[in-house]
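The structure appears below as structure tokens.
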Amino acid sequence: MQQIETIKSLIADGRIDEAVAMCEAEASKETDTGRLEMIYYTLGNAHRKREDWQRALNAYQRAIDINPASPAATARKMIVEILNYYYKDQFNQ
């Protein structure tokens, strides 16, 4: 779990590219599904921080596929609601 904490620190420091690279490296070698779920959830958080909505949704969905009760489900729902709000505003201008 030390890697996850390191990744969270990178995200908090705004070092998103490093966090994403570390998540992807960890995901490629991880076999424990619980840790893999957390890696994808954290990857989604990194993408969300840079407002890369599609990649965030994809990462969250991978976490949800592993564990439907993942906190990624709530995070994904929030992004969908944000995007729905944005699109409604664009059509009402």
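Ordering of the structure tokens sets the chain letters (A, B, ...), residue numbers begin anew at 1 in every chain, and ligands are numbered from 1 in the order given.
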
Residue neighbourhood Ile39 of chain A, 10 Å, only C-alpha atoms, exclusion window fewer than 6 positions, as a PDB file with N, CA and C atoms, in the first residue's frame:
ATOM      1  N   MET A   1       0.813  -1.200   0.000  1.00  0.00           N
ATOM      2  CA  MET A   1       0.000   0.000   0.000  1.00  0.00           C
ATOM      3  C   MET A   1       0.859   1.268   0.000  1.00  0.00           C
ATOM      4  N   GLN A   3       2.911   2.212  -2.243  1.00  0.00           N
ATOM      5  CA  GLN A   3       2.863   2.826  -3.565  1.00  0.00           C
ATOM      6  C   GLN A   3       1.619   3.698  -3.719  1.00  0.00           C
ATOM      7  N   ILE A   4       0.505   3.230  -3.201  1.00  0.00           N
ATOM      8  CA  ILE A   4      -0.739   4.006  -3.294  1.00  0.00           C
ATOM      9  C   ILE A   4      -0.574   5.332  -2.550  1.00  0.00           C
ATOM     10  N   ILE A   7       1.526   7.634  -4.580  1.00  0.00           N
ATOM     11  CA  ILE A   7       0.757   8.160  -5.708  1.00  0.00           C
ATOM     12  C   ILE A   7      -0.192   9.266  -5.230  1.00  0.00           C
ATOM     13  N   VAL A  20       0.177   9.260 -12.729  1.00  0.00           N
ATOM     14  CA  VAL A  20      -0.440   8.407 -13.749  1.00  0.00           C
ATOM     15  C   VAL A  20       0.552   7.322 -14.186  1.00  0.00           C
ATOM     16  N   MET A  22       3.024   6.067 -12.529  1.00  0.00           N
ATOM     17  CA  MET A  22       3.206   5.110 -11.442  1.00  0.00           C
ATOM     18  C   MET A  22       1.998   4.179 -11.312  1.00  0.00           C
ATOM     19  N   CYS A  23       0.785   4.726 -11.462  1.00  0.00           N
ATOM     20  CA  CYS A  23      -0.423   3.893 -11.433  1.00  0.00           C
ATOM     21  C   CYS A  23      -0.399   2.854 -12.543  1.00  0.00           C
ATOM     22  N   GLU A  24      -0.067   3.303 -13.734  1.00  0.00           N
ATOM     23  CA  GLU A  24      -0.057   2.382 -14.872  1.00  0.00           C
ATOM     24  C   GLU A  24       0.987   1.289 -14.685  1.00  0.00           C
ATOM     25  N   ALA A  25       2.160   1.654 -14.145  1.00  0.00           N
ATOM     26  CA  ALA A  25       3.200   0.657 -13.894  1.00  0.00           C
ATOM     27  C   ALA A  25       2.738  -0.343 -12.839  1.00  0.00           C
ATOM     28  N   GLU A  26       2.117   0.153 -11.771  1.00  0.00           N
ATOM     29  CA  GLU A  26       1.631  -0.726 -10.711  1.00  0.00           C
ATOM     30  C   GLU A  26       0.512  -1.637 -11.217  1.00  0.00           C
ATOM     31  N   ALA A  27      -0.393  -1.091 -12.013  1.00  0.00           N
ATOM     32  CA  ALA A  27      -1.519  -1.887 -12.525  1.00  0.00           C
ATOM     33  C   ALA A  27      -1.039  -3.013 -13.429  1.00  0.00           C
ATOM     34  N   GLU A  30       0.278  -5.825 -10.958  1.00  0.00           N
ATOM     35  CA  GLU A  30      -0.498  -6.216  -9.779  1.00  0.00           C
ATOM     36  C   GLU A  30      -1.388  -7.412 -10.076  1.00  0.00           C
ATOM     37  N   THR A  33      -6.554  -8.383  -6.529  1.00  0.00           N
ATOM     38  CA  THR A  33      -7.663  -7.582  -7.045  1.00  0.00           C
ATOM     39  C   THR A  33      -8.004  -6.394  -6.148  1.00  0.00           C
ATOM     40  N   ASN A  45      -8.662   9.282  -9.875  1.00  0.00           N
ATOM     41  CA  ASN A  45      -8.505  10.540  -9.144  1.00  0.00           C
ATOM     42  C   ASN A  45      -7.463  11.442  -9.798  1.00  0.00           C
ATOM     43  N   ALA A  59     -10.995   4.791 -15.830  1.00  0.00           N
ATOM     44  CA  ALA A  59     -10.272   4.216 -14.695  1.00  0.00           C
ATOM     45  C   ALA A  59     -11.250   3.822 -13.581  1.00  0.00           C
ATOM     46  N   TYR A  60     -12.184   4.699 -13.296  1.00  0.00           N
ATOM     47  CA  TYR A  60     -13.183   4.373 -12.276  1.00  0.00           C
ATOM     48  C   TYR A  60     -13.979   3.134 -12.676  1.00  0.00           C
ATOM     49  N   ARG A  62     -13.018   0.627 -14.455  1.00  0.00           N
ATOM     50  CA  ARG A  62     -12.202  -0.569 -14.248  1.00  0.00           C
ATOM     51  C   ARG A  62     -12.210  -0.976 -12.781  1.00  0.00           C
ATOM     52  N   ALA A  63     -12.156   0.009 -11.879  1.00  0.00           N
ATOM     53  CA  ALA A  63     -12.233  -0.293 -10.445  1.00  0.00           C
ATOM     54  C   ALA A  63     -13.596  -0.892 -10.102  1.00  0.00           C
TER      55      ALA A  63
END

| field | Residues near Gly44 of chain A, cut-off 12 Å, only C-alpha atoms, skip fewer than 5 positions along chain, as number ranges by chain | value | A: 7-8, 11, 16, 19-20, 23-24, 37-39, 49-64, 71-76, 79

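If you measure from each of A:Glu18, A:Asp65, A:Asp13, A:Glu81 to Tyr41 of chain A using only C-alpha atoms, the closest one turns out to be A:Asp65.
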
| request: Name the residues of segment 8-93 of chain A that come out as helix (DSSP H, G or I) in a backbone DSSP run; write them as number ranges by chain. | output: A: 8-12, 16-29, 33-49, 53-66, 71-91

Deliver the residues from the most recent selection as a file, using C-alpha atoms, as a tab-separated table (two decimals), in the first residue's frame.
chain	number	residue	atom	x	y	z
A	8	LYS	CA	-1.74	10.07	-3.55
A	9	SER	CA	1.07	12.40	-2.45
A	10	LEU	CA	2.07	12.99	-6.07
A	11	ILE	CA	-1.53	13.89	-6.94
A	12	ALA	CA	-1.78	16.24	-3.96
A	16	ILE	CA	-0.15	14.23	-12.11
A	17	ASP	CA	2.00	12.83	-14.95
A	18	GLU	CA	4.20	11.04	-12.43
A	19	ALA	CA	1.16	9.73	-10.56
A	20	VAL	CA	-0.44	8.41	-13.75
A	21	ALA	CA	2.80	6.72	-14.85
A	22	MET	CA	3.21	5.11	-11.44
A	23	CYS	CA	-0.42	3.89	-11.43
A	24	GLU	CA	-0.06	2.38	-14.87
A	25	ALA	CA	3.20	0.66	-13.89
A	26	GLU	CA	1.63	-0.73	-10.71
A	27	ALA	CA	-1.52	-1.89	-12.53
A	28	SER	CA	0.51	-3.77	-15.12
A	29	LYS	CA	2.18	-5.95	-12.49
A	33	THR	CA	-7.66	-7.58	-7.05
A	34	GLY	CA	-8.13	-5.43	-3.94
A	35	ARG	CA	-4.94	-3.51	-4.64
A	36	LEU	CA	-5.74	-3.35	-8.35
A	37	GLU	CA	-9.10	-1.79	-7.56
A	38	MET	CA	-7.40	0.88	-5.44
A	39	ILE	CA	-4.82	1.55	-8.16
A	40	TYR	CA	-7.56	2.17	-10.74
A	41	TYR	CA	-9.52	4.32	-8.28
A	42	THR	CA	-6.39	6.37	-7.60
A	43	LEU	CA	-5.67	6.58	-11.34
A	44	GLY	CA	-9.19	7.93	-11.82
A	45	ASN	CA	-8.50	10.54	-9.14
A	46	ALA	CA	-5.35	11.62	-10.97
A	47	HIS	CA	-7.22	12.04	-14.25
A	48	ARG	CA	-10.05	13.84	-12.48
A	49	LYS	CA	-7.56	16.29	-10.94
A	53	TRP	CA	-13.01	13.28	-17.65
A	54	GLN	CA	-13.01	10.39	-20.12
A	55	ARG	CA	-9.86	8.81	-18.72
A	56	ALA	CA	-11.14	9.32	-15.19
A	57	LEU	CA	-14.42	7.61	-16.07
A	58	ASN	CA	-12.55	4.73	-17.71
A	59	ALA	CA	-10.27	4.22	-14.70
A	60	TYR	CA	-13.18	4.37	-12.28
A	61	GLN	CA	-15.11	1.87	-14.40
A	62	ARG	CA	-12.20	-0.57	-14.25
A	63	ALA	CA	-12.23	-0.29	-10.44
A	64	ILE	CA	-16.01	-0.83	-10.43
A	65	ASP	CA	-15.65	-3.89	-12.67
A	66	ILE	CA	-13.38	-5.39	-10.02
A	71	PRO	CA	-15.58	4.20	-3.91
A	72	ALA	CA	-14.99	4.61	-7.63
A	73	ALA	CA	-18.74	4.10	-8.14
A	74	THR	CA	-19.50	7.31	-6.23
A	75	ALA	CA	-16.68	9.20	-7.95
A	76	ARG	CA	-17.88	8.06	-11.38
A	77	LYS	CA	-21.44	9.08	-10.60
A	78	MET	CA	-20.26	12.56	-9.56
A	79	ILE	CA	-18.37	13.05	-12.83
A	80	VAL	CA	-21.38	11.98	-14.86
A	81	GLU	CA	-23.53	14.48	-12.95
A	82	ILE	CA	-20.96	17.23	-13.53
A	83	LEU	CA	-20.82	16.49	-17.25
A	84	ASN	CA	-24.61	16.40	-17.51
A	85	TYR	CA	-24.77	19.79	-15.82
A	86	TYR	CA	-22.13	21.25	-18.14
A	87	TYR	CA	-23.91	20.06	-21.25
A	88	LYS	CA	-27.27	21.40	-20.11
A	89	ASP	CA	-25.74	24.84	-19.60
A	90	GLN	CA	-24.20	24.80	-23.07
A	91	PHE	CA	-27.54	24.14	-24.69
